[in-house]
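Notes follow the structure.
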Amino acid sequence: MACTKKYKIKITSNYDEWWRYNIFLTAVGYDEEGKVISYKSMTDRPYEINGTDEIRTNPIEGERVIELDSQDLVFRAELYLYVITNTYPQTPIIREWPPFKMNLHVEINGEIVEQSEHEVNQWGGTTLIGYKLPIE
């Protein structure tokens, strides 16, 4: 099989405080022999802490969508995703801040091949390391 796939990766959440998390997203593309031929990376950091923040508020207007669109042609791809807490919840009572859902949406050549839901711990974030994306 030739390297004919273009991947598009989208990370979303409808959680009201999704803005409190930094997103580091990398897609690694491989050829048929398993050699790395593509590496795309992006960072989304919507909130910068200035040290005087008494009350943290959402700096984003509208929906926050994290998207990585690879134009490189590859045989298969892996995802490295780090969702890291930038600011903690307003109160330190852990049970008041349960995990929330994050959605992973993957397209290959414009066709949806995966839509999955993942939990994000409000204190520790989440990671997907070496997450193999569908081939077709």
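Chains: A, B, ... in order of the structure tokens. Residues: from 1 per chain. Ligands: from 1, in order shown.
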
Check chain A with DSSP on the backbone and list each residue it calls strand (DSSP E or B), as a PyMOL selection string.
chain A and resi 5+7-12+21-30+36-44+66-69+74+76-85+100-108+111-121+125-132

Using 6 Å as the limit and counting only C-alpha atoms, can you tabulate each residue of region 29-130 of chain A that touches region 2-19 of chain A, with its shortest atom-to-atom distance in Å and the two atoms involved, as JSON lines?
```
{"residue": "A:Val65", "atom": "CA", "partner": "A:Thr12", "partner_atom": "CA", "distance": 5.3}
{"residue": "A:Ile66", "atom": "CA", "partner": "A:Ile11", "partner_atom": "CA", "distance": 5.1}
{"residue": "A:Glu67", "atom": "CA", "partner": "A:Lys10", "partner_atom": "CA", "distance": 4.4}
{"residue": "A:Leu68", "atom": "CA", "partner": "A:Ile9", "partner_atom": "CA", "distance": 5.1}
{"residue": "A:Asp69", "atom": "CA", "partner": "A:Lys8", "partner_atom": "CA", "distance": 4.4}
{"residue": "A:Ser70", "atom": "CA", "partner": "A:Tyr7", "partner_atom": "CA", "distance": 5.5}
{"residue": "A:Gln71", "atom": "CA", "partner": "A:Lys6", "partner_atom": "CA", "distance": 5.6}
{"residue": "A:Leu73", "atom": "CA", "partner": "A:Thr4", "partner_atom": "CA", "distance": 5.0}
{"residue": "A:Val74", "atom": "CA", "partner": "A:Cys3", "partner_atom": "CA", "distance": 4.3}
{"residue": "A:Phe75", "atom": "CA", "partner": "A:Cys3", "partner_atom": "CA", "distance": 4.4}
{"residue": "A:Met102", "atom": "CA", "partner": "A:Ser13", "partner_atom": "CA", "distance": 4.6}
{"residue": "A:Asn103", "atom": "CA", "partner": "A:Thr12", "partner_atom": "CA", "distance": 5.2}
{"residue": "A:Leu104", "atom": "CA", "partner": "A:Ile11", "partner_atom": "CA", "distance": 4.9}
{"residue": "A:His105", "atom": "CA", "partner": "A:Lys10", "partner_atom": "CA", "distance": 5.0}
{"residue": "A:Val106", "atom": "CA", "partner": "A:Ile9", "partner_atom": "CA", "distance": 4.7}
{"residue": "A:Glu107", "atom": "CA", "partner": "A:Lys8", "partner_atom": "CA", "distance": 5.0}
{"residue": "A:Ile108", "atom": "CA", "partner": "A:Tyr7", "partner_atom": "CA", "distance": 4.7}
{"residue": "A:Asn109", "atom": "CA", "partner": "A:Lys6", "partner_atom": "CA", "distance": 5.1}
```

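The smallest atom-to-atom distance between Met42 (chain A) and any of A:Ala27, A:Val83, A:Leu133, A:Thr127, using only C-alpha atoms, is found for A:Ala27.
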
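With only C-alpha atoms as the basis for measurement, A:Ile135 is the residue among A:Val28, A:Ile93, A:Ile135, A:Ile23 that approaches Ile112 (chain A) most closely.
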
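Proximity ranking of A:Ile84, A:Val120, A:Ala77, A:Leu128 relative to Trp97 (chain A) places A:Val120 first, based on only C-alpha atoms.
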
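Once Trp123 (chain A) and its same-chain neighbours fewer than 5 positions away are set aside, A:Thr85, A:Tyr88, A:Pro89 remain within 8 Å of it when counting only C-alpha atoms.
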
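For chain A, the set of residues given helix (DSSP H, G or I) by DSSP on the backbone reads Trp18, Trp19, Arg20, Ile94, Arg95 and Glu96 of chain A.
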
How would the residues just picked look written out with C-alpha atoms as a short mmCIF file (atom, residue, chain, number, x, y, z; two decimals), in the first residue's frame?
```
data_model
loop_
_atom_site.label_atom_id
_atom_site.label_comp_id
_atom_site.auth_asym_id
_atom_site.auth_seq_id
_atom_site.Cartn_x
_atom_site.Cartn_y
_atom_site.Cartn_z
CA TRP A 18 -12.05 23.24 29.04
CA TRP A 19 -10.06 26.49 28.77
CA ARG A 20 -8.11 25.57 31.94
CA ILE A 94 -11.46 16.99 44.68
CA ARG A 95 -14.89 15.30 44.76
CA GLU A 96 -16.48 18.57 43.57
#
```

For Asn22 (chain A), work out the shell of residues within 10 Å, counting only C-alpha atoms and skipping chain neighbours fewer than 4 positions away, then give it as a ChimeraX atom specification.
/A:18,43-48,82-87,125

Just to confirm, what's the straight-line distance from CA of Phe100 (chain A) to CA of His118 (chain A) in Å (one decimal)?
8.3 Å
